[in-house]
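With CSV, C-alpha atoms inside, this is upload03.csv:
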chain,number,residue,atom,x,y,z
A,972,MET,CA,77.9,76.6,61.6
A,973,GLU,CA,75.2,79.1,62.5
A,974,CYS,CA,71.7,78.2,61.5
A,975,LYS,CA,68.7,80.3,62.5
A,976,LEU,CA,65.0,80.2,61.5
A,977,VAL,CA,63.7,83.7,61.7
A,978,PRO,CA,60.0,84.3,61.8
A,979,SER,CA,58.9,87.4,59.8
A,980,VAL,CA,56.1,88.9,57.8
A,981,CYS,CA,56.1,88.9,54.1
A,982,SER,CA,56.8,92.4,52.7
A,983,TYR,CA,55.3,92.0,49.3
A,984,CYS,CA,51.7,93.0,49.9
A,985,GLY,CA,49.3,94.1,52.7
A,986,THR,CA,48.0,90.6,53.5
A,987,GLY,CA,50.8,89.9,56.0
A,988,CYS,CA,51.6,86.3,55.5
A,989,GLY,CA,53.9,84.7,58.1
A,990,VAL,CA,57.2,83.6,56.7
A,991,LEU,CA,60.2,81.8,58.1
A,992,PHE,CA,63.6,82.7,56.8
A,993,GLU,CA,66.3,80.0,56.8
A,994,VAL,CA,69.5,81.8,57.7
A,995,ILE,CA,72.7,79.8,57.4
A,996,ASN,CA,76.0,81.4,58.2
A,997,GLY,CA,74.4,84.9,58.0
A,998,LYS,CA,72.9,84.4,54.6
A,999,ILE,CA,69.2,83.8,53.9
A,1000,VAL,CA,69.1,80.7,51.9
A,1001,SER,CA,65.4,80.0,51.7
A,1002,THR,CA,61.9,81.2,52.7
A,1003,LEU,CA,59.2,78.9,54.2
A,1004,PRO,CA,55.6,79.6,55.0
A,1005,MET,CA,54.8,79.6,58.7
A,1006,LYS,CA,52.5,76.7,59.4
A,1007,THR,CA,50.9,78.1,62.5
A,1008,HIS,CA,50.5,81.7,61.3
A,1009,PRO,CA,46.8,82.7,61.5
A,1010,VAL,CA,47.0,84.6,58.2
A,1011,ASN,CA,48.4,82.1,55.7
A,1012,GLU,CA,48.2,78.8,57.6
A,1013,GLY,CA,51.3,77.3,55.9
A,1014,LYS,CA,50.6,78.6,52.4
A,1015,LEU,CA,52.3,81.3,50.3
A,1016,CYS,CA,52.1,82.7,46.8
A,1017,ILE,CA,55.1,82.8,44.4
A,1018,LYS,CA,56.3,86.2,45.6
A,1019,GLY,CA,56.4,85.1,49.2
A,1020,TRP,CA,58.3,81.9,48.3
A,1021,ASN,CA,61.0,84.0,46.7
A,1022,LEU,CA,61.5,86.7,49.3
A,1023,HIS,CA,65.1,85.6,49.9
A,1024,GLU,CA,66.0,86.2,46.3
A,1025,HIS,CA,65.4,89.9,46.4
A,1026,VAL,CA,67.4,90.2,49.6
A,1027,ASN,CA,70.4,88.4,48.0
A,1028,SER,CA,70.0,89.9,44.5
A,1029,PHE,CA,73.1,91.4,43.0
A,1030,MET,CA,70.8,94.1,41.5
A,1031,ARG,CA,69.7,95.3,44.9
A,1032,LEU,CA,70.4,98.9,45.7
A,1033,LYS,CA,72.5,99.1,48.8
A,1034,GLN,CA,73.2,102.8,48.9
A,1035,PRO,CA,71.4,105.9,47.7
A,1036,LEU,CA,72.0,107.1,44.1
A,1037,VAL,CA,71.8,110.8,43.1
A,1038,LYS,CA,71.0,111.6,39.5
A,1039,THR,CA,73.7,114.1,38.4
A,1040,PHE,CA,74.0,115.2,34.8
A,1041,GLY,CA,71.7,112.4,33.7
A,1042,ARG,CA,73.7,109.7,35.4
A,1043,PHE,CA,73.2,107.9,38.8
A,1044,ILE,CA,76.1,108.6,41.1
A,1045,LYS,CA,76.5,106.6,44.4
A,1046,THR,CA,76.5,108.8,47.5
A,1047,ASP,CA,75.9,108.5,51.3
A,1048,TRP,CA,72.6,108.9,53.2
A,1049,ASP,CA,73.4,112.3,54.7
A,1050,GLU,CA,74.1,113.8,51.4
A,1051,ALA,CA,71.1,112.2,49.7
A,1052,ILE,CA,68.7,113.3,52.5
A,1053,GLN,CA,70.1,116.8,52.5
A,1054,LEU,CA,69.7,117.1,48.7
A,1055,THR,CA,66.1,115.9,48.9
A,1056,ALA,CA,65.3,118.3,51.7
A,1057,ASP,CA,66.8,121.2,49.8
A,1058,ARG,CA,64.8,120.4,46.6
A,1059,PHE,CA,61.6,119.9,48.6
A,1060,ARG,CA,62.2,123.4,50.2
A,1061,GLU,CA,62.8,124.9,46.7
A,1062,ILE,CA,59.6,123.4,45.3
A,1063,ILE,CA,57.5,124.3,48.3
A,1064,GLU,CA,58.7,128.0,48.1
A,1065,LYS,CA,58.1,128.2,44.4
A,1066,TYR,CA,54.8,126.3,43.9
A,1067,GLY,CA,53.4,125.9,47.5
A,1068,PRO,CA,53.1,122.8,49.7
A,1069,ASP,CA,50.2,121.2,47.7
A,1070,SER,CA,52.6,120.7,44.8
A,1071,ILE,CA,53.9,117.7,46.7
A,1072,GLY,CA,52.1,114.4,47.4
A,1073,VAL,CA,53.1,111.4,49.5
A,1074,LEU,CA,52.3,107.9,48.5
A,1075,VAL,CA,52.5,105.4,51.3
A,1076,SER,CA,52.5,101.6,50.8
A,1077,ALA,CA,51.0,98.4,52.0
A,1078,LYS,CA,54.5,96.9,52.1
A,1079,ILE,CA,55.6,99.0,55.0
A,1080,THR,CA,54.4,98.8,58.6
A,1081,ASN,CA,51.5,100.7,60.1
A,1082,GLU,CA,53.9,102.8,62.1
A,1083,GLU,CA,55.9,103.7,59.1
A,1084,ASN,CA,52.7,104.7,57.2
A,1085,TYR,CA,51.7,106.8,60.2
A,1086,LEU,CA,55.1,108.6,60.1
A,1087,ALA,CA,54.8,109.2,56.4
A,1088,GLN,CA,51.4,110.9,56.7
A,1089,LYS,CA,52.7,112.9,59.7
A,1090,PHE,CA,55.6,114.0,57.5
A,1091,ALA,CA,53.3,115.0,54.8
A,1092,ARG,CA,50.9,117.0,57.0
A,1093,ALA,CA,53.4,118.4,59.6
A,1094,ALA,CA,56.6,118.8,57.8
A,1095,ILE,CA,55.5,119.6,54.2
A,1096,GLY,CA,52.0,120.9,55.0
A,1097,THR,CA,49.8,119.1,52.5
A,1098,ASN,CA,46.9,116.7,52.7
A,1099,ASN,CA,48.0,115.0,49.6
A,1100,VAL,CA,48.4,111.5,51.1
A,1101,ASP,CA,47.4,108.4,49.3
A,1102,HIS,CA,48.0,104.7,49.4
A,1103,CYS,CA,49.2,102.1,46.9
A,1104,ALA,CA,46.2,99.9,47.7
A,1105,ARG,CA,43.9,102.5,46.0
A,1106,LEU,CA,45.9,102.8,42.8
B,457,MET,CA,65.0,62.7,74.7
B,458,ASN,CA,66.4,66.0,75.9
B,459,ASN,CA,69.2,64.2,77.8
B,460,LYS,CA,70.1,62.1,74.8
B,461,VAL,CA,70.4,65.2,72.6
B,462,LYS,CA,72.4,67.0,75.2
B,463,ALA,CA,74.8,64.1,75.5
B,464,TRP,CA,75.2,63.8,71.8
B,465,LEU,CA,75.9,67.5,71.5
B,466,GLU,CA,78.4,67.4,74.4
B,467,ASP,CA,80.5,64.4,73.2
B,468,GLY,CA,80.6,65.7,69.7
B,469,THR,CA,78.5,62.9,68.1
B,470,ILE,CA,76.6,65.7,66.4
B,471,ASP,CA,77.5,69.4,65.8
B,472,VAL,CA,73.9,70.7,65.6
B,473,PHE,CA,70.5,69.3,66.4
B,474,LEU,CA,67.4,70.2,64.4
B,475,GLY,CA,64.2,70.1,66.5
B,476,TYR,CA,61.4,72.4,67.4
B,477,LYS,CA,61.2,75.3,69.9
B,478,GLU,CA,58.5,77.8,70.7
B,479,VAL,CA,59.4,81.2,69.3
B,480,ASP,CA,56.9,84.1,69.6
B,481,HIS,CA,54.2,81.5,70.5
B,482,HIS,CA,54.8,79.6,67.3
B,483,PRO,CA,56.4,76.1,67.3
B,484,LEU,CA,59.2,76.7,64.9
B,485,PRO,CA,62.1,74.5,63.7
B,486,TYR,CA,65.1,75.4,65.7
B,487,CYS,CA,68.8,74.6,65.5
B,488,PHE,CA,70.3,73.5,68.8
B,489,THR,CA,74.0,73.8,69.3
B,490,LYS,CA,76.7,72.9,71.9
B,491,GLU,CA,77.3,76.5,72.7
B,492,ARG,CA,73.7,77.0,73.9
B,493,LEU,CA,73.1,73.7,75.6
B,494,ASP,CA,70.5,75.0,78.1
B,495,GLU,CA,68.1,75.6,75.2
B,496,VAL,CA,67.7,71.9,74.7
B,497,ASP,CA,65.3,71.9,77.7
B,498,ASP,CA,62.9,73.8,75.4
B,499,LEU,CA,63.0,71.1,72.7
B,500,LEU,CA,59.4,70.5,71.5
B,501,LEU,CA,57.6,67.9,69.4
B,502,SER,CA,55.7,70.3,67.4
B,503,PRO,CA,52.3,69.5,65.9
B,504,ALA,CA,53.3,71.6,62.9
B,505,ARG,CA,55.6,69.7,60.5
B,506,TYR,CA,58.4,71.4,58.7
B,507,SER,CA,60.9,69.6,56.4
B,508,LEU,CA,63.8,69.4,58.8
B,509,GLU,CA,65.8,67.2,56.3
B,510,LYS,CA,65.6,70.0,53.8
B,511,ILE,CA,67.2,72.4,56.3
B,512,ALA,CA,69.8,69.7,56.9
B,513,THR,CA,70.5,69.5,53.1
B,514,HIS,CA,71.0,73.3,53.0
B,515,MET,CA,73.4,73.1,55.9
B,516,THR,CA,75.3,70.3,54.2
B,517,ASP,CA,75.6,72.4,51.1
B,518,GLU,CA,77.4,75.0,53.2
B,519,GLU,CA,79.5,72.6,55.3
B,520,PRO,CA,79.7,69.1,53.7
B,521,ASP,CA,81.2,67.4,56.8
B,522,ILE,CA,78.8,68.8,59.4
B,523,LYS,CA,77.2,66.2,61.7
B,524,ILE,CA,73.5,66.8,62.1
B,525,GLY,CA,71.0,65.3,64.5
B,526,MET,CA,67.4,65.7,64.0
B,527,LEU,CA,63.9,64.7,65.1
B,528,ALA,CA,62.5,62.1,62.8
B,529,ARG,CA,58.9,61.1,62.3
B,530,ASP,CA,58.2,58.4,59.8
B,531,CYS,CA,57.9,60.9,56.9
B,532,ASN,CA,61.3,62.4,57.9
B,533,SER,CA,62.9,59.0,58.0
B,534,ARG,CA,61.6,58.1,54.5
B,535,ALA,CA,62.8,61.5,53.2
B,536,LEU,CA,66.2,60.9,54.7
B,537,ASN,CA,66.4,57.5,53.0
B,538,VAL,CA,65.7,59.0,49.6
B,539,LEU,CA,68.2,61.8,50.2
B,540,TYR,CA,70.9,59.2,51.2
B,541,LEU,CA,70.1,57.3,47.9
B,542,TRP,CA,70.5,60.5,45.9
B,543,ASN,CA,73.7,61.4,47.6
B,544,GLN,CA,72.3,64.6,49.1
B,545,LEU,CA,73.1,63.6,52.7
B,546,ASN,CA,75.7,61.2,54.1
B,547,PRO,CA,74.1,58.7,56.4
B,548,ASP,CA,77.2,58.7,58.5
B,549,ASN,CA,76.7,62.4,59.3
B,550,VAL,CA,73.1,62.1,60.3
B,551,ARG,CA,71.7,60.9,63.6
B,552,THR,CA,68.0,60.8,64.2
B,553,VAL,CA,65.8,60.7,67.3
B,554,ASN,CA,62.7,58.8,66.2
B,555,VAL,CA,59.4,60.3,67.4
B,556,ASN,CA,55.8,59.5,67.2
B,557,CYS,CA,54.1,60.1,63.8
B,558,CYS,CA,51.1,62.0,62.6
B,559,PRO,CA,47.6,60.5,62.9
B,560,SER,CA,46.5,59.3,59.5
B,561,ARG,CA,44.9,56.4,57.8
B,562,LEU,CA,48.2,54.5,58.4
B,563,LYS,CA,48.6,55.5,62.1
B,564,GLU,CA,45.7,56.6,64.3
B,565,HIS,CA,47.6,57.9,67.2
B,566,GLY,CA,50.3,60.6,66.7
B,567,ASP,CA,51.5,64.0,67.7
B,568,CYS,CA,51.1,65.8,64.5
B,569,SER,CA,47.7,66.8,63.2
B,570,TYR,CA,48.5,68.5,59.9
B,571,LEU,CA,48.5,65.5,57.6
B,572,GLU,CA,44.8,64.9,57.2
B,573,PRO,CA,43.3,67.4,54.8
B,574,GLU,CA,40.2,69.4,55.9
B,575,THR,CA,36.7,68.4,54.8
B,576,VAL,CA,36.1,69.7,51.3
B,577,GLY,CA,33.2,71.8,50.1
B,578,ALA,CA,30.2,70.6,48.2
B,579,TYR,CA,31.2,72.1,44.8
B,580,LYS,CA,34.6,70.6,44.9
B,581,ARG,CA,33.1,67.2,45.7
B,582,ARG,CA,30.8,67.6,42.7
B,583,VAL,CA,33.3,68.7,40.0
B,584,GLY,CA,36.7,68.1,41.5
B,585,VAL,CA,38.7,65.5,43.3
B,586,ASP,CA,38.1,65.1,47.0
B,587,ASN,CA,41.5,65.3,48.8
B,588,ASN,CA,40.3,62.7,51.3
B,589,LEU,CA,39.5,60.0,48.8
B,590,ALA,CA,41.6,56.9,48.5
B,591,LEU,CA,43.5,56.3,45.2
B,592,LYS,CA,41.2,53.4,44.2
B,593,ASP,CA,38.1,55.5,44.7
B,594,VAL,CA,39.4,58.2,42.3
B,595,GLU,CA,40.3,55.5,39.7
B,596,ALA,CA,36.7,54.2,40.0
B,597,TYR,CA,35.5,57.3,38.1
B,598,ASP,CA,35.2,56.6,34.4
B,599,GLU,CA,37.8,58.0,32.1
B,600,THR,CA,36.1,61.2,30.9
B,601,GLU,CA,34.8,62.1,34.3
B,602,ARG,CA,38.2,61.5,35.8
B,603,LEU,CA,39.9,63.7,33.3
B,604,ASP,CA,37.3,66.5,33.8
B,605,ARG,CA,37.7,66.3,37.6
B,606,TRP,CA,41.5,66.4,37.5
B,607,MET,CA,41.5,69.3,34.9
B,608,TYR,CA,39.2,71.2,37.3
B,609,GLU,CA,41.8,70.7,40.0
B,610,PHE,CA,44.8,71.6,37.8
B,611,GLN,CA,43.3,74.8,36.3
B,612,LYS,CA,43.0,76.2,39.8
B,613,CYS,CA,46.8,76.3,40.1
B,614,ILE,CA,48.3,79.7,40.7
B,615,LYS,CA,51.8,78.5,39.9
B,616,CYS,CA,53.3,79.4,43.2
B,617,TYR,CA,55.9,76.6,43.0
B,618,GLY,CA,55.1,75.9,46.6
B,619,CYS,CA,54.7,72.1,46.0
B,620,ARG,CA,58.3,72.0,44.7
B,621,ASN,CA,59.8,74.5,47.2
B,622,ILE,CA,58.5,72.7,50.2
B,623,CYS,CA,59.3,69.2,48.9
B,624,PRO,CA,61.9,67.5,51.1
B,625,VAL,CA,63.2,65.4,48.2
B,626,CYS,CA,63.3,68.2,45.6
B,627,PHE,CA,66.9,69.3,45.5
B,628,CYS,CA,67.9,69.7,41.8
B,629,LYS,CA,69.9,72.7,40.9
B,630,GLU,CA,68.1,72.9,37.6
B,631,CYS,CA,64.4,72.2,37.7
B,632,SER,CA,62.3,71.1,34.8
B,633,LEU,CA,59.5,73.3,36.1
B,634,GLU,CA,61.8,76.3,35.3
B,635,HIS,CA,62.7,74.9,31.8
B,636,ASP,CA,61.4,77.4,29.3
B,637,GLU,CA,60.3,74.7,26.8
B,638,LEU,CA,58.2,72.8,29.3
B,639,VAL,CA,56.8,75.5,31.5
B,640,ARG,CA,57.0,79.0,30.2
B,641,THR,CA,57.9,81.9,32.6
B,642,GLY,CA,55.0,84.3,33.0
B,643,PRO,CA,51.7,83.0,31.8
B,644,LEU,CA,49.0,82.2,34.3
B,645,LEU,CA,47.4,79.6,34.2
B,646,PRO,CA,50.4,77.5,33.9
B,647,ASP,CA,50.4,75.1,31.0
B,648,VAL,CA,47.7,72.9,32.3
B,649,PRO,CA,48.2,70.0,32.9
B,650,VAL,CA,51.9,70.0,31.7
B,651,PHE,CA,53.1,71.7,34.9
B,652,HIS,CA,51.6,69.1,37.1
B,653,MET,CA,52.4,66.1,34.9
B,654,VAL,CA,56.1,67.2,34.7
B,655,ARG,CA,56.3,67.3,38.4
B,656,ALA,CA,54.3,64.1,38.8
B,657,VAL,CA,56.7,62.2,36.5
B,658,HIS,CA,59.7,63.5,38.5
B,659,MET,CA,58.1,62.3,41.7
B,660,ALA,CA,57.9,58.7,40.6
B,661,GLY,CA,60.3,56.8,42.8
B,662,ARG,CA,61.0,59.9,44.8
B,663,CYS,CA,57.9,61.1,46.5
B,664,ILE,CA,57.7,59.8,50.1
B,665,ASP,CA,54.1,60.7,50.6
B,666,CYS,CA,54.7,63.2,53.4
B,667,GLY,CA,51.8,65.4,52.3
B,668,LEU,CA,53.7,68.7,52.8
B,669,CYS,CA,53.0,69.8,49.2
B,670,GLU,CA,49.3,69.3,49.6
B,671,ALA,CA,49.4,71.2,52.9
B,672,ALA,CA,51.3,74.1,51.3
B,673,CYS,CA,49.1,74.3,48.2
B,674,PRO,CA,47.0,77.5,48.3
B,675,MET,CA,44.5,76.0,46.0
B,676,ASP,CA,44.1,72.6,47.7
B,677,ILE,CA,44.9,70.5,44.7
B,678,PRO,CA,45.0,66.8,45.8
B,679,LEU,CA,48.7,66.4,45.0
B,680,ARG,CA,49.2,63.5,47.3
B,681,LEU,CA,46.8,61.4,45.3
B,682,LEU,CA,48.6,62.3,42.1
B,683,TYR,CA,52.0,61.3,43.4
B,684,GLN,CA,50.6,58.2,45.1
B,685,LYS,CA,49.5,57.1,41.6
B,686,VAL,CA,53.0,57.5,40.0
B,687,ASN,CA,54.5,55.7,42.9
B,688,GLN,CA,51.9,53.0,42.5
B,689,ILE,CA,53.1,52.6,38.9
B,690,VAL,CA,56.8,52.3,40.0
B,691,MET,CA,55.7,49.7,42.6
B,692,ASP,CA,53.8,47.7,39.9
B,693,LEU,CA,56.6,47.8,37.4
B,694,PHE,CA,59.7,47.6,39.5
B,695,ASP,CA,58.6,46.4,43.0
B,696,TYR,CA,60.1,49.6,44.2
B,697,LYS,CA,58.8,51.1,47.5
B,698,THR,CA,60.0,54.7,47.7
B,699,GLY,CA,61.5,55.7,51.0
B,700,THR,CA,62.1,52.1,52.3
B,701,SER,CA,63.8,50.4,49.3
B,702,VAL,CA,67.6,50.6,49.6
B,703,GLU,CA,68.3,50.5,45.9
B,704,GLN,CA,68.6,53.4,43.5
B,705,PRO,CA,65.2,54.3,42.2
B,706,PRO,CA,64.4,53.4,38.5
B,707,PHE,CA,64.6,57.0,37.4
B,708,SER,CA,68.2,58.0,37.9
B,709,ILE,CA,70.6,60.8,37.2
B,710,LEU,CA,72.4,60.3,33.9
B,711,GLY,CA,75.6,58.3,34.5
B,712,ASP,CA,74.3,56.5,37.7
B,713,THR,CA,73.9,52.8,37.4
B,714,VAL,CA,70.5,51.5,37.9
B,715,THR,CA,70.4,48.0,39.4
B,716,LEU,CA,66.6,47.5,39.4
B,717,GLU,CA,65.1,45.0,37.0
B,718,PRO,CA,61.6,45.5,35.7
B,719,LYS,CA,59.2,42.9,36.9
B,720,PRO,CA,58.5,40.3,34.2
B,721,ILE,CA,55.9,41.7,31.8
B,722,GLU,CA,52.8,39.7,31.5
B,723,PRO,CA,52.2,38.4,28.0
B,724,LEU,CA,49.9,40.7,26.1
B,725,LYS,CA,46.4,39.5,25.5
B,726,VAL,CA,45.8,39.0,21.8
B,727,ILE,CA,42.9,41.1,20.7
B,728,ASN,CA,40.8,39.4,18.2
B,729,ASN,CA,39.4,41.8,15.6
B,730,GLU,CA,36.8,39.5,14.3

Would you put the structure from the file into structure tokens?
Amino acid sequence: MECKLVPSVCSYCGTGCGVLFEVINGKIVSTLPMKTHPVNEGKLCIKGWNLHEHVNSFMRLKQPLVKTFGRFIKTDWDEAIQLTADRFREIIEKYGPDSIGVLVSAKITNEENYLAQKFARAAIGTNNVDHCARL
Amino acid sequence: MNNKVKAWLEDGTIDVFLGYKEVDHHPLPYCFTKERLDEVDDLLLSPARYSLEKIATHMTDEEPDIKIGMLARDCNSRALNVLYLWNQLNPDNVRTVNVNCCPSRLKEHGDCSYLEPETVGAYKRRVGVDNNLALKDVEAYDETERLDRWMYEFQKCIKCYGCRNICPVCFCKECSLEHDELVRTGPLLPDVPVFHMVRAVHMAGRCIDCGLCEAACPMDIPLRLLYQKVNQIVMDLFDYKTGTSVEQPPFSILGDTVTLEPKPIEPLKVINNE
């Protein structure tokens, strides 16, 4: 029997509530609020309480899908990234870099947000960066 | 305490021990095992309470024969008693280390400080129900006022289901609060006060008054008072004290035998219409 209680941060919104995942035999069985966390002080909303359900959901996408002839076909990451890069290059060459925008998210970390805007400005060459909290 | 736990783990009295340990500067529930015996030295009595017995129930779901040791304050012990009665845990598979309780009206000196609710604001005191009041003080309000005050509290609910999720004695696979005919999926506010009443009815003879629901409620609804009331009714009718009585509670799963007899009912007073 392996039972771990793993502290984490809720990934649903930008508030950043402390949660505790109850992991039994490698499977997350429940989510608890962290009592001593300064942000939520032992309370959670309904989304936070059900974090483990979207991890365990059978509908969860576990590998990239590429839309080919109107249908989603499973593929690997290398191919998916290559395909995205090729299409980005095509679009940039045809319509210019400002035809692309990057929407970042409150659900990802500060560092990931930084990388996303860096990608937009340095790799694509546009200032079209916006954030889900402004939608 | 640490040596006792170590000895238990070593001689196989228990397979795992549920206690608290400081992880990332937070006192968190931790599962100690025989393989990592040295960690038992870090065993804590945390001021923050988590429902260890609920974790134990989840572990038993996975491995029914696992022997679990755990720290037990008074509230944990009462919850364990209820879980034994409802066949969720086997008393032969659980060993407890009893530790000091939370400071409260019942016990002034304790290690845990999360039971007493914070002081409430002026507006809530005026129109709502003060979480710090005793049951008899709330019942002292006249009927209309009492209803208004409770409805104010209930309409704050954001339907997070936290009260049910954190409850150590809530274990049903199918929950009435997710039954479409009682509580519909989607609408907010929840059907006030049906949501709270459904839960209150199910807490009769089950609630062990640990206060975790109230501590987890983002809207500070005085849930403890509500469940104290339903338990009071069970006490008055059946002489049943939840958490300490060893009999099956009066509300039982279909098919289980109930041995409790209602207390003799006092003869009704004849009302003279004249």

If you measure from CA of Thr1039 in chain A to CA of Gly1067 in chain A, what distance in Å do you get, rounded to one decimal?
-> 25.2 Å

Between A:Ala1056, A:Ala1093, A:Val977, A:Ile1017, which is the closest to chain B once you count all atoms listed in the file?
->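 Using all atoms listed in the file, chain B sits closest to A:Ile1017.
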
Got a sec: who's within 9 Å of range 606-616 of chain B, counting only C-alpha atoms, leaving out chain neighbours fewer than 6 positions off, as a ChimeraX atom specification?
-> /A:1015-1020 /B:580,583-585,644-649,651-652,673-678

Give as a PyMOL selection string every residue of chain A that touches chain B within 9 Å, counting all atoms listed in the file.
-> chain A and resi 972-978+991+993+995-996+1000-1008+1011-1020

Could you tell me which of B:Leu682, B:Glu601, B:Val538, B:Glu478 comes closest to Gln704 in chain B if we count all atoms listed in the file?
-> B:Val538

Mind checking which residues fall within 12 Å of range 690-702 of chain B, counting all atoms listed in the file, ignoring those fewer than 6 positions away in the same chain, and posting them as a ChimeraX atom specification?
-> /B:530-542,624-625,657-666,683-684,714-722

Write to file, as a compact mmCIF listing (two decimals), in the coordinates of the input, the residues of the selection just made, with C-alpha atoms.
# COMPACT_ATOMS: atom_id res chain seq x y z
CA ASP B 530 58.20 58.40 59.80
CA CYS B 531 57.90 60.90 56.90
CA ASN B 532 61.30 62.40 57.90
CA SER B 533 62.90 59.00 58.00
CA ARG B 534 61.60 58.10 54.50
CA ALA B 535 62.80 61.50 53.20
CA LEU B 536 66.20 60.90 54.70
CA ASN B 537 66.40 57.50 53.00
CA VAL B 538 65.70 59.00 49.60
CA LEU B 539 68.20 61.80 50.20
CA TYR B 540 70.90 59.20 51.20
CA LEU B 541 70.10 57.30 47.90
CA TRP B 542 70.50 60.50 45.90
CA PRO B 624 61.90 67.50 51.10
CA VAL B 625 63.20 65.40 48.20
CA VAL B 657 56.70 62.20 36.50
CA HIS B 658 59.70 63.50 38.50
CA MET B 659 58.10 62.30 41.70
CA ALA B 660 57.90 58.70 40.60
CA GLY B 661 60.30 56.80 42.80
CA ARG B 662 61.00 59.90 44.80
CA CYS B 663 57.90 61.10 46.50
CA ILE B 664 57.70 59.80 50.10
CA ASP B 665 54.10 60.70 50.60
CA CYS B 666 54.70 63.20 53.40
CA TYR B 683 52.00 61.30 43.40
CA GLN B 684 50.60 58.20 45.10
CA VAL B 714 70.50 51.50 37.90
CA THR B 715 70.40 48.00 39.40
CA LEU B 716 66.60 47.50 39.40
CA GLU B 717 65.10 45.00 37.00
CA PRO B 718 61.60 45.50 35.70
CA LYS B 719 59.20 42.90 36.90
CA PRO B 720 58.50 40.30 34.20
CA ILE B 721 55.90 41.70 31.80
CA GLU B 722 52.80 39.70 31.50

Rank A:Gln1088, A:Thr1080, A:Gly997, A:Leu1074 by their smallest atom-to-atom distance to Ala1104 in chain A, using all atoms listed in the file, and report the top residue only.
->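 Of A:Gln1088, A:Thr1080, A:Gly997, A:Leu1074, the one nearest Ala1104 in chain A is A:Leu1074, counting all atoms listed in the file.
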
Tell me, in Å to one decimal, how far CA of Leu545 in chain B is from CA of Val1026 in chain A.
->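 About the pair CA of Leu545 in chain B and CA of Val1026 in chain A: they are 27.4 Å apart.
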
Would you save range 661-678 of chain B from the block above with C-alpha atoms, as a PDB file, in the first residue's frame?
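The result, written out as part-v4.pdb:
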ATOM      1  CA  GLY B 661     -27.548  10.058  14.006  1.00  0.00           C
ATOM      2  CA  ARG B 662     -24.395  10.375  11.932  1.00  0.00           C
ATOM      3  CA  CYS B 663     -22.862  13.800  12.537  1.00  0.00           C
ATOM      4  CA  ILE B 664     -20.119  13.620  15.147  1.00  0.00           C
ATOM      5  CA  ASP B 665     -19.876  17.390  15.568  1.00  0.00           C
ATOM      6  CA  CYS B 666     -16.245  17.659  14.472  1.00  0.00           C
ATOM      7  CA  GLY B 667     -16.814  21.036  12.838  1.00  0.00           C
ATOM      8  CA  LEU B 668     -14.799  20.258   9.704  1.00  0.00           C
ATOM      9  CA  CYS B 669     -17.762  21.188   7.461  1.00  0.00           C
ATOM     10  CA  GLU B 670     -18.110  24.598   9.017  1.00  0.00           C
ATOM     11  CA  ALA B 671     -14.351  25.165   8.781  1.00  0.00           C
ATOM     12  CA  ALA B 672     -14.436  24.209   5.097  1.00  0.00           C
ATOM     13  CA  CYS B 673     -17.489  26.323   4.247  1.00  0.00           C
ATOM     14  CA  PRO B 674     -16.375  29.272   2.103  1.00  0.00           C
ATOM     15  CA  MET B 675     -19.528  31.169   3.096  1.00  0.00           C
ATOM     16  CA  ASP B 676     -19.299  30.524   6.878  1.00  0.00           C
ATOM     17  CA  ILE B 677     -22.755  28.972   7.149  1.00  0.00           C
ATOM     18  CA  PRO B 678     -23.236  27.788  10.769  1.00  0.00           C
TER      19      PRO B 678
END
